[in-house]
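Below is input_38.cif, holding mmCIF, C-alpha atoms and all ligand atoms; chains and numbers go by the auth columns.
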```cif
data_run
loop_
_atom_site.group_PDB
_atom_site.id
_atom_site.type_symbol
_atom_site.label_atom_id
_atom_site.label_comp_id
_atom_site.label_asym_id
_atom_site.label_seq_id
_atom_site.Cartn_x
_atom_site.Cartn_y
_atom_site.Cartn_z
_atom_site.B_iso_or_equiv
_atom_site.auth_seq_id
_atom_site.auth_asym_id
ATOM 1 C CA MET A 1 4.130 5.443 -24.464 0.00 1 A
ATOM 2 C CA ASN A 2 2.072 7.744 -22.318 0.00 2 A
ATOM 3 C CA ILE A 3 3.073 8.502 -18.701 0.00 3 A
ATOM 4 C CA ALA A 4 0.363 10.199 -16.669 0.00 4 A
ATOM 5 C CA VAL A 5 0.965 11.399 -13.114 0.00 5 A
ATOM 6 C CA ARG A 6 -1.755 12.343 -10.682 0.00 6 A
ATOM 7 C CA ARG A 7 -1.980 13.306 -7.028 0.00 7 A
ATOM 8 C CA ALA A 8 -3.121 10.252 -5.042 0.00 8 A
ATOM 9 C CA SER A 9 -6.129 10.334 -2.734 0.00 9 A
ATOM 10 C CA GLU A 10 -7.338 8.022 0.022 0.00 10 A
ATOM 11 C CA ALA A 11 -9.156 6.053 -2.688 0.00 11 A
ATOM 12 C CA ASP A 12 -5.715 4.987 -3.976 0.00 12 A
ATOM 13 C CA ALA A 13 -4.646 3.310 -0.728 0.00 13 A
ATOM 14 C CA GLU A 14 -4.738 -0.183 -2.217 0.00 14 A
ATOM 15 C CA VAL A 15 -2.666 0.832 -5.256 0.00 15 A
ATOM 16 C CA VAL A 16 -0.074 2.682 -3.161 0.00 16 A
ATOM 17 C CA SER A 17 0.201 -0.326 -0.850 0.00 17 A
ATOM 18 C CA LEU A 18 0.791 -2.644 -3.839 0.00 18 A
ATOM 19 C CA LEU A 19 3.291 -0.287 -5.491 0.00 19 A
ATOM 20 C CA ASN A 20 5.294 -0.150 -2.257 0.00 20 A
ATOM 21 C CA ALA A 21 6.052 -3.895 -2.431 0.00 21 A
ATOM 22 C CA ASP A 22 8.999 -3.533 -4.858 0.00 22 A
ATOM 23 C CA VAL A 23 10.976 -1.053 -2.791 0.00 23 A
ATOM 24 C CA GLN A 24 10.055 -2.841 0.466 0.00 24 A
ATOM 25 C CA SER A 25 11.367 -6.189 -0.811 0.00 25 A
ATOM 26 C CA LEU A 26 14.530 -4.519 -2.140 0.00 26 A
ATOM 27 C CA HIS A 27 15.213 -3.000 1.289 0.00 27 A
ATOM 28 C CA ALA A 28 14.219 -6.194 3.143 0.00 28 A
ATOM 29 C CA SER A 29 16.608 -8.358 1.160 0.00 29 A
ATOM 30 C CA ALA A 30 19.505 -5.887 1.552 0.00 30 A
ATOM 31 C CA VAL A 31 18.940 -4.885 5.189 0.00 31 A
ATOM 32 C CA PRO A 32 16.826 -7.665 6.753 0.00 32 A
ATOM 33 C CA GLU A 33 17.497 -6.567 10.327 0.00 33 A
ATOM 34 C CA ARG A 34 15.790 -3.242 9.608 0.00 34 A
ATOM 35 C CA PHE A 35 13.117 -3.990 7.011 0.00 35 A
ATOM 36 C CA LYS A 36 10.336 -6.546 7.362 0.00 36 A
ATOM 37 C CA PRO A 37 9.880 -9.115 4.591 0.00 37 A
ATOM 38 C CA LEU A 38 6.817 -8.687 2.428 0.00 38 A
ATOM 39 C CA GLY A 39 3.681 -9.924 4.085 0.00 39 A
ATOM 40 C CA PRO A 40 0.130 -8.879 4.895 0.00 40 A
ATOM 41 C CA ASP A 41 1.386 -6.483 7.597 0.00 41 A
ATOM 42 C CA THR A 42 4.015 -4.643 5.545 0.00 42 A
ATOM 43 C CA PHE A 43 2.478 -1.340 4.521 0.00 43 A
ATOM 44 C CA PRO A 44 -1.101 -2.607 4.122 0.00 44 A
ATOM 45 C CA ALA A 45 -3.791 -0.425 2.546 0.00 45 A
ATOM 46 C CA THR A 46 -4.835 0.807 6.017 0.00 46 A
ATOM 47 C CA ALA A 47 -1.338 2.251 6.572 0.00 47 A
ATOM 48 C CA ALA A 48 -1.309 3.743 3.072 0.00 48 A
ATOM 49 C CA ARG A 49 -4.719 5.327 3.720 0.00 49 A
ATOM 50 C CA ARG A 50 -3.448 7.015 6.902 0.00 50 A
ATOM 51 C CA LEU A 51 -0.484 8.382 4.997 0.00 51 A
ATOM 52 C CA LEU A 52 -2.744 9.650 2.189 0.00 52 A
ATOM 53 C CA ALA A 53 -5.063 11.325 4.688 0.00 53 A
ATOM 54 C CA ASN A 54 -2.247 13.426 6.156 0.00 54 A
ATOM 55 C CA PRO A 55 -2.267 16.878 4.508 0.00 55 A
ATOM 56 C CA SER A 56 1.505 17.227 5.044 0.00 56 A
ATOM 57 C CA ASN A 57 2.089 14.400 2.601 0.00 57 A
ATOM 58 C CA LEU A 58 2.417 14.704 -1.156 0.00 58 A
ATOM 59 C CA VAL A 59 1.738 11.377 -2.855 0.00 59 A
ATOM 60 C CA PHE A 60 1.749 10.877 -6.614 0.00 60 A
ATOM 61 C CA ILE A 61 0.941 7.860 -8.751 0.00 61 A
ATOM 62 C CA ALA A 62 2.319 7.382 -12.253 0.00 62 A
ATOM 63 C CA GLU A 63 0.372 5.373 -14.780 0.00 63 A
ATOM 64 C CA LEU A 64 1.862 4.074 -17.962 0.00 64 A
ATOM 65 C CA ASP A 65 -0.687 3.220 -20.611 0.00 65 A
ATOM 66 C CA SER A 66 -3.281 3.416 -17.781 0.00 66 A
ATOM 67 C CA GLU A 67 -1.492 0.807 -15.606 0.00 67 A
ATOM 68 C CA PRO A 68 -0.085 1.847 -12.190 0.00 68 A
ATOM 69 C CA ALA A 69 3.678 2.033 -12.795 0.00 69 A
ATOM 70 C CA GLY A 70 5.124 3.790 -9.770 0.00 70 A
ATOM 71 C CA TYR A 71 4.573 6.191 -6.924 0.00 71 A
ATOM 72 C CA ALA A 72 6.317 8.864 -4.900 0.00 72 A
ATOM 73 C CA TYR A 73 5.577 9.889 -1.328 0.00 73 A
ATOM 74 C CA ALA A 74 7.066 13.072 0.068 0.00 74 A
ATOM 75 C CA GLU A 75 6.407 15.074 3.218 0.00 75 A
ATOM 76 C CA VAL A 76 6.372 18.816 3.765 0.00 76 A
ATOM 77 C CA VAL A 77 8.597 19.455 6.776 0.00 77 A
ATOM 78 C CA HIS A 78 8.848 22.758 8.651 0.00 78 A
ATOM 79 C CA LEU A 79 11.888 22.689 10.908 0.00 79 A
ATOM 80 C CA PRO A 80 11.659 25.288 13.653 0.00 80 A
ATOM 81 C CA GLU A 81 14.489 27.487 14.769 0.00 81 A
ATOM 82 C CA SER A 82 16.442 26.170 17.747 0.00 82 A
ATOM 83 C CA PRO A 83 19.260 27.664 19.828 0.00 83 A
ATOM 84 C CA LEU A 84 21.664 26.008 17.389 0.00 84 A
ATOM 85 C CA ARG A 85 19.875 26.039 14.065 0.00 85 A
ATOM 86 C CA HIS A 86 18.001 28.404 11.799 0.00 86 A
ATOM 87 C CA ALA A 87 14.471 27.447 10.766 0.00 87 A
ATOM 88 C CA TRP A 88 13.971 25.938 7.321 0.00 88 A
ATOM 89 C CA ASP A 89 11.372 24.198 5.194 0.00 89 A
ATOM 90 C CA GLU A 90 11.956 21.205 3.012 0.00 90 A
ATOM 91 C CA VAL A 91 10.068 18.564 1.109 0.00 91 A
ATOM 92 C CA HIS A 92 11.492 15.194 2.107 0.00 92 A
ATOM 93 C CA LEU A 93 11.057 12.339 -0.356 0.00 93 A
ATOM 94 C CA HIS A 94 10.344 9.207 1.690 0.00 94 A
ATOM 95 C CA HIS A 95 9.489 6.721 -1.077 0.00 95 A
ATOM 96 C CA ILE A 96 9.867 6.530 -4.820 0.00 96 A
ATOM 97 C CA SER A 97 9.430 3.247 -6.622 0.00 97 A
ATOM 98 C CA VAL A 98 8.710 2.091 -10.144 0.00 98 A
ATOM 99 C CA ARG A 99 7.516 -1.396 -11.117 0.00 99 A
ATOM 100 C CA PRO A 100 10.462 -3.348 -12.576 0.00 100 A
ATOM 101 C CA ALA A 101 8.787 -3.754 -15.980 0.00 101 A
ATOM 102 C CA TYR A 102 8.390 0.025 -16.308 0.00 102 A
ATOM 103 C CA ARG A 103 11.890 1.160 -15.317 0.00 103 A
ATOM 104 C CA ARG A 104 14.216 3.268 -17.499 0.00 104 A
ATOM 105 C CA LYS A 105 11.252 4.808 -19.295 0.00 105 A
ATOM 106 C CA GLY A 106 11.253 8.113 -17.425 0.00 106 A
ATOM 107 C CA VAL A 107 8.528 7.220 -14.899 0.00 107 A
ATOM 108 C CA ALA A 108 10.492 8.191 -11.763 0.00 108 A
ATOM 109 C CA SER A 109 11.694 11.380 -13.452 0.00 109 A
ATOM 110 C CA VAL A 110 8.094 12.438 -14.082 0.00 110 A
ATOM 111 C CA LEU A 111 7.140 11.540 -10.481 0.00 111 A
ATOM 112 C CA LEU A 112 10.005 13.630 -9.137 0.00 112 A
ATOM 113 C CA ASP A 113 9.013 16.529 -11.404 0.00 113 A
ATOM 114 C CA SER A 114 5.551 16.383 -9.819 0.00 114 A
ATOM 115 C CA VAL A 115 7.003 16.413 -6.299 0.00 115 A
ATOM 116 C CA ARG A 116 9.183 19.410 -7.217 0.00 116 A
ATOM 117 C CA ALA A 117 6.241 21.234 -8.804 0.00 117 A
ATOM 118 C CA ALA A 118 4.116 20.665 -5.679 0.00 118 A
ATOM 119 C CA ALA A 119 6.980 21.932 -3.503 0.00 119 A
ATOM 120 C CA ASP A 120 7.351 25.013 -5.724 0.00 120 A
ATOM 121 C CA GLU A 121 3.630 25.718 -5.433 0.00 121 A
ATOM 122 C CA ILE A 122 3.994 26.080 -1.665 0.00 122 A
ATOM 123 C CA GLY A 123 7.204 28.078 -1.955 0.00 123 A
ATOM 124 C CA ILE A 124 9.659 25.329 -0.980 0.00 124 A
ATOM 125 C CA SER A 125 12.709 24.932 -3.184 0.00 125 A
ATOM 126 C CA LEU A 126 14.601 22.332 -1.099 0.00 126 A
ATOM 127 C CA VAL A 127 13.938 18.628 -1.743 0.00 127 A
ATOM 128 C CA THR A 128 15.828 16.118 0.415 0.00 128 A
ATOM 129 C CA LEU A 129 15.961 12.330 0.659 0.00 129 A
ATOM 130 C CA GLN A 130 17.956 9.443 2.076 0.00 130 A
ATOM 131 C CA VAL A 131 19.269 6.589 -0.011 0.00 131 A
ATOM 132 C CA TRP A 132 20.947 3.400 1.209 0.00 132 A
ATOM 133 C CA SER A 133 24.586 2.931 0.237 0.00 133 A
ATOM 134 C CA PHE A 134 23.834 -0.465 -1.328 0.00 134 A
ATOM 135 C CA ASN A 135 21.279 1.057 -3.692 0.00 135 A
ATOM 136 C CA GLU A 136 23.537 2.130 -6.538 0.00 136 A
ATOM 137 C CA GLY A 137 20.742 2.237 -9.125 0.00 137 A
ATOM 138 C CA ALA A 138 18.720 4.716 -7.072 0.00 138 A
ATOM 139 C CA GLN A 139 21.849 6.758 -6.353 0.00 139 A
ATOM 140 C CA ALA A 140 22.557 7.001 -10.082 0.00 140 A
ATOM 141 C CA PHE A 141 18.972 8.113 -10.669 0.00 141 A
ATOM 142 C CA PHE A 142 19.158 10.807 -7.978 0.00 142 A
ATOM 143 C CA ARG A 143 22.538 12.047 -9.238 0.00 143 A
ATOM 144 C CA ARG A 144 21.070 12.321 -12.717 0.00 144 A
ATOM 145 C CA GLN A 145 18.296 14.405 -11.148 0.00 145 A
ATOM 146 C CA GLY A 146 20.835 16.827 -9.704 0.00 146 A
ATOM 147 C CA PHE A 147 20.908 15.573 -6.098 0.00 147 A
ATOM 148 C CA THR A 148 24.254 15.740 -4.298 0.00 148 A
ATOM 149 C CA PRO A 149 25.293 14.195 -0.950 0.00 149 A
ATOM 150 C CA TYR A 150 25.213 16.631 1.975 0.00 150 A
ATOM 151 C CA ILE A 151 25.456 14.395 5.062 0.00 151 A
ATOM 152 C CA ALA A 152 26.725 10.859 5.753 0.00 152 A
ATOM 153 C CA ARG A 153 25.309 8.290 8.207 0.00 153 A
ATOM 154 C CA LEU A 154 27.783 5.716 9.503 0.00 154 A
ATOM 155 C CA TRP A 155 27.362 2.535 11.478 0.00 155 A
ATOM 156 C CA ASN A 156 29.599 -0.085 13.011 0.00 156 A
ATOM 157 C CA ARG A 157 27.483 -3.066 12.117 0.00 157 A
ATOM 158 C CA GLN A 158 28.095 -6.517 13.588 0.00 158 A
ATOM 159 C CA LEU A 159 26.967 -9.728 11.899 0.00 159 A
ATOM 160 C CA ASN A 160 25.167 -10.588 15.129 0.00 160 A
ATOM 161 C CA PRO A 161 25.289 -9.139 18.634 0.00 161 A
ATOM 162 C CA HIS A 162 27.517 -12.002 19.887 0.00 162 A
ATOM 163 C CA SER A 163 30.041 -11.843 17.070 0.00 163 A
ATOM 164 C CA ASN A 164 33.072 -9.599 16.719 0.00 164 A
ATOM 165 C CA GLN A 165 33.080 -10.172 12.980 0.00 165 A
ATOM 166 C CA HIS A 166 32.153 -7.150 10.877 0.00 166 A
ATOM 167 C CA CYS A 167 29.958 -7.441 7.824 0.00 167 A
ATOM 168 C CA PRO A 168 32.053 -7.968 4.676 0.00 168 A
ATOM 169 C CA GLU A 169 31.170 -4.640 3.066 0.00 169 A
ATOM 170 C CA ILE A 170 32.644 -2.685 5.973 0.00 170 A
ATOM 171 C CA MET A 171 35.607 -4.908 6.810 0.00 171 A
ATOM 172 C CA PRO A 172 38.518 -2.563 7.441 0.00 172 A
ATOM 173 C CA THR A 173 41.313 -2.643 4.899 0.00 173 A
ATOM 174 C CA ALA A 174 44.782 -3.801 6.002 0.00 174 A
ATOM 175 C CA GLN A 175 45.872 -0.139 6.189 0.00 175 A
ATOM 176 C CA GLU A 176 42.964 0.796 8.459 0.00 176 A
ATOM 177 C CA ARG A 177 43.508 -2.035 10.965 0.00 177 A
HETATM 178 C C1 LIG B . 15.377 4.247 -8.811 0.00 201 A
HETATM 179 C C2 LIG B . 14.090 4.120 -9.625 0.00 201 A
HETATM 180 C C3 LIG B . 12.960 4.817 -8.854 0.00 201 A
HETATM 181 C C4 LIG B . 14.309 4.823 -10.978 0.00 201 A
HETATM 182 O O1 LIG B . 13.078 4.755 -11.701 0.00 201 A
HETATM 183 P P1 LIG B . 13.007 4.834 -13.284 0.00 201 A
HETATM 184 O O2 LIG B . 11.625 5.132 -13.673 0.00 201 A
HETATM 185 O O3 LIG B . 13.639 3.624 -13.879 0.00 201 A
HETATM 186 O O4 LIG B . 13.951 6.093 -13.588 0.00 201 A
HETATM 187 P P2 LIG B . 13.990 6.967 -14.922 0.00 201 A
HETATM 188 O O5 LIG B . 13.595 6.103 -16.096 0.00 201 A
HETATM 189 O O6 LIG B . 13.227 8.222 -14.736 0.00 201 A
HETATM 190 O O7 LIG B . 15.558 7.269 -14.995 0.00 201 A
HETATM 191 C C5 LIG B . 16.086 8.517 -15.428 0.00 201 A
HETATM 192 C C6 LIG B . 17.592 8.415 -15.495 0.00 201 A
HETATM 193 O O8 LIG B . 18.139 8.099 -14.197 0.00 201 A
HETATM 194 C C7 LIG B . 19.254 7.208 -14.344 0.00 201 A
HETATM 195 N N1 LIG B . 18.937 5.885 -13.801 0.00 201 A
HETATM 196 C C8 LIG B . 17.727 5.417 -13.419 0.00 201 A
HETATM 197 N N2 LIG B . 17.824 4.166 -12.914 0.00 201 A
HETATM 198 C C9 LIG B . 19.128 3.826 -13.008 0.00 201 A
HETATM 199 C C10 LIG B . 19.852 2.646 -12.666 0.00 201 A
HETATM 200 N N3 LIG B . 19.262 1.560 -12.114 0.00 201 A
HETATM 201 N N4 LIG B . 21.190 2.625 -12.886 0.00 201 A
HETATM 202 C C11 LIG B . 21.822 3.696 -13.432 0.00 201 A
HETATM 203 N N5 LIG B . 21.170 4.854 -13.780 0.00 201 A
HETATM 204 C C12 LIG B . 19.847 4.914 -13.560 0.00 201 A
HETATM 205 C C13 LIG B . 19.502 7.090 -15.855 0.00 201 A
HETATM 206 O O9 LIG B . 20.384 8.148 -16.213 0.00 201 A
HETATM 207 C C14 LIG B . 18.112 7.317 -16.419 0.00 201 A
HETATM 208 O O10 LIG B . 18.112 7.776 -17.751 0.00 201 A
HETATM 209 P P3 LIG B . 18.308 6.700 -18.965 0.00 201 A
HETATM 210 O O11 LIG B . 17.340 5.566 -18.725 0.00 201 A
HETATM 211 O O12 LIG B . 17.955 7.518 -20.168 0.00 201 A
HETATM 212 O O13 LIG B . 19.724 6.244 -18.910 0.00 201 A
HETATM 213 C C15 LIG B . 13.733 2.646 -9.913 0.00 201 A
HETATM 214 O O14 LIG B . 14.886 1.964 -10.373 0.00 201 A
HETATM 215 C C16 LIG B . 13.198 1.893 -8.712 0.00 201 A
HETATM 216 O O15 LIG B . 11.997 1.897 -8.472 0.00 201 A
HETATM 217 N N6 LIG B . 14.077 1.223 -7.951 0.00 201 A
HETATM 218 C C17 LIG B . 13.646 0.422 -6.798 0.00 201 A
HETATM 219 C C18 LIG B . 13.118 1.268 -5.686 0.00 201 A
HETATM 220 C C19 LIG B . 14.186 2.234 -5.188 0.00 201 A
HETATM 221 O O16 LIG B . 15.370 1.925 -5.123 0.00 201 A
HETATM 222 N N7 LIG B . 13.715 3.440 -4.815 0.00 201 A
HETATM 223 C C20 LIG B . 14.562 4.452 -4.263 0.00 201 A
HETATM 224 C C21 LIG B . 14.732 4.199 -2.803 0.00 201 A
HETATM 225 S S1 LIG B . 15.653 5.510 -2.044 0.00 201 A
#
```
Let me see the structure of the file written as structure tokens.
Amino acid sequence: MNIAVRRASEADAEVVSLLNADVQSLHASAVPERFKPLGPDTFPATAARRLLANPSNLVFIAELDSEPAGYAYAEVVHLPESPLRHAWDEVHLHHISVRPAYRRKGVASVLLDSVRAAADEIGISLVTLQVWSFNEGAQAFFRRQGFTPYIARLWNRQLNPHSNQHCPEIMPTAQER
């Protein structure tokens, strides 16, 4: 099995748009109030082309036996100094997704290696990302890749704006009430 990774160009907009569908539908089914269901307007090729045209973005496509198997999209971010914070640079991984049929074959690992190598080339050693709490598979992958949590985002999510009922996954325990 041969995994080949290459830097994507604007000519790959259609492929990147198609490869995005798996992660978009995963997010849309888990967090429907945030993520749009798959449709002609969810990350169409025109949006992918804009992303590919931006020189701050690092986008890689993995092909397995010459078939598109997954992609990674990361952004080079230069955070300026502020009165409170030092300046720093990071490469932030926005998307990584592998077609279901090609998972657990090392495709995402090779994509992440390419992102890290591109970051190294421009002298950036910090790679960051966000992962949803529901997404245990992705969390296991990132842990295996050496990522560790460094910040937590919390919400007090209601089932609907007119309900006082919390979503089941964040219902307080008897001790917390
Ligand atoms: C997460 C994802 C990108 C991993 O891609 P992948 O190509 O299957 O990952 P790899 O084959 O390189 O995995 C390397 C190692 O990571 C760990 N790992 C990967 N996926 C895992 C999973 N679902 N559960 C537990 N461990 C996992 C394993 O240790 C694996 O090694 P092993 O197969 O020898 O046990 C893929 O499952 C995916 O596309 N998921 C849907 C999209 C998504 O969640 N993206 C991340 C959004 S933040």
Residues within 6 Å of ligand LIG 201 (chain A), counting only C-alpha atoms and all ligand atoms: report them as a list in words.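 Result of the 6 Å neighbour search around ligand LIG 201 (chain A): Val23, Ile96, Ser97, Val98, Arg103, Arg104, Lys105, Gly106, Val107, Ala108, Ser109, Val131, Gly137, Ala138, Ala140, Phe141 and Arg144 of chain A.
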Please enumerate the residues selected by the PyMOL selection byres (((chain A and resi 89) around 9) and not hetatm) when evaluated against the supplied file, formatted as a PyMOL selection string. chain A and resi 76-80+87-88+90-91+124-126
Proximity check region 49-141 of chain A to region 2-11 of chain A, 8 Å, nearest pairs one decimal Å, all atoms listed in the file, as a Markdown table:
```
| residue | atom | partner | partner_atom | distance |
| --- | --- | --- | --- | --- |
| A:Arg49 | CA | A:Glu10 | CA | 5.3 |
| A:Arg50 | CA | A:Glu10 | CA | 8.0 |
| A:Leu52 | CA | A:Glu10 | CA | 5.3 |
| A:Ala53 | CA | A:Glu10 | CA | 6.2 |
| A:Leu58 | CA | A:Arg7 | CA | 7.5 |
| A:Val59 | CA | A:Ala8 | CA | 5.4 |
| A:Phe60 | CA | A:Arg7 | CA | 4.5 |
| A:Ile61 | CA | A:Arg6 | CA | 5.6 |
| A:Ala62 | CA | A:Val5 | CA | 4.3 |
| A:Glu63 | CA | A:Ala4 | CA | 5.2 |
| A:Leu64 | CA | A:Ile3 | CA | 4.6 |
| A:Asp65 | CA | A:Asn2 | CA | 5.6 |
| A:Ser66 | CA | A:Ala4 | CA | 7.8 |
| A:Val107 | CA | A:Ile3 | CA | 6.8 |
| A:Val110 | CA | A:Val5 | CA | 7.3 |
| A:Leu111 | CA | A:Val5 | CA | 6.7 |
| A:Ser114 | CA | A:Val5 | CA | 7.5 |
```
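Interatomic distance, CA of Asn135 (chain A) to CA of Ala47 (chain A): 24.9 Å.
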With all atoms listed in the file as the counted atoms, please give the residues lying no more than 10 Å from Val15 (chain A), apart from itself and same-chain residues fewer than 5 positions off, as a VMD selection string. chain A and resid 8 20 45 48 61 68 to 71
Print the selection's residues with C-alpha atoms to a file, as a PDB file, in the frame of the given file.
```
ATOM      1  CA  ALA A   8      -3.121  10.252  -5.042  1.00  0.00           C
ATOM      2  CA  ASN A  20       5.294  -0.150  -2.257  1.00  0.00           C
ATOM      3  CA  ALA A  45      -3.791  -0.425   2.546  1.00  0.00           C
ATOM      4  CA  ALA A  48      -1.309   3.743   3.072  1.00  0.00           C
ATOM      5  CA  ILE A  61       0.941   7.860  -8.751  1.00  0.00           C
ATOM      6  CA  PRO A  68      -0.085   1.847 -12.190  1.00  0.00           C
ATOM      7  CA  ALA A  69       3.678   2.033 -12.795  1.00  0.00           C
ATOM      8  CA  GLY A  70       5.124   3.790  -9.770  1.00  0.00           C
ATOM      9  CA  TYR A  71       4.573   6.191  -6.924  1.00  0.00           C
TER      10      TYR A  71
END
```
From the options A:Asn54, A:Ser17, A:Glu67, A:Phe142, which residue's atoms come nearest to Thr42 (chain A), counting only C-alpha atoms? A:Ser17
For this structure, which residues satisfy the selection - the PyMOL selection byres (((chain A and resi 27) around 12) and not hetatm) - when it is evaluated on the file as given? I want them as a PyMOL selection string. chain A and resi 20-26+28-38+95+97+131-135+138
As JSON, please: the centre and edge lengths in Å, to one decimal, of an axis-aligned box enclosing every listed atom of region 90-95 of chain A with 4 Å added on each side.
```
{"center_x": 10.7, "center_y": 14.0, "center_z": 1.0, "size_x": 10.5, "size_y": 22.5, "size_z": 12.1}
```
Between CA of Leu51 (chain A) and CA of Asp12 (chain A), what distance in Å does the model show, to one decimal?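 Answer for the CA of Leu51 (chain A) to CA of Asp12 (chain A) separation: 10.9 Å.
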For Ala13 (chain A), which residue among A:Gly123, A:Pro149, A:Pro55, A:Pro44 is the nearest when counting all atoms listed in the file?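 Among A:Gly123, A:Pro149, A:Pro55, A:Pro44, it is A:Pro44 that comes nearest to Ala13 (chain A).
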So what do you get for CA of Gly146 (chain A) versus CA of Val16 (chain A), distance-wise? 26.1 Å
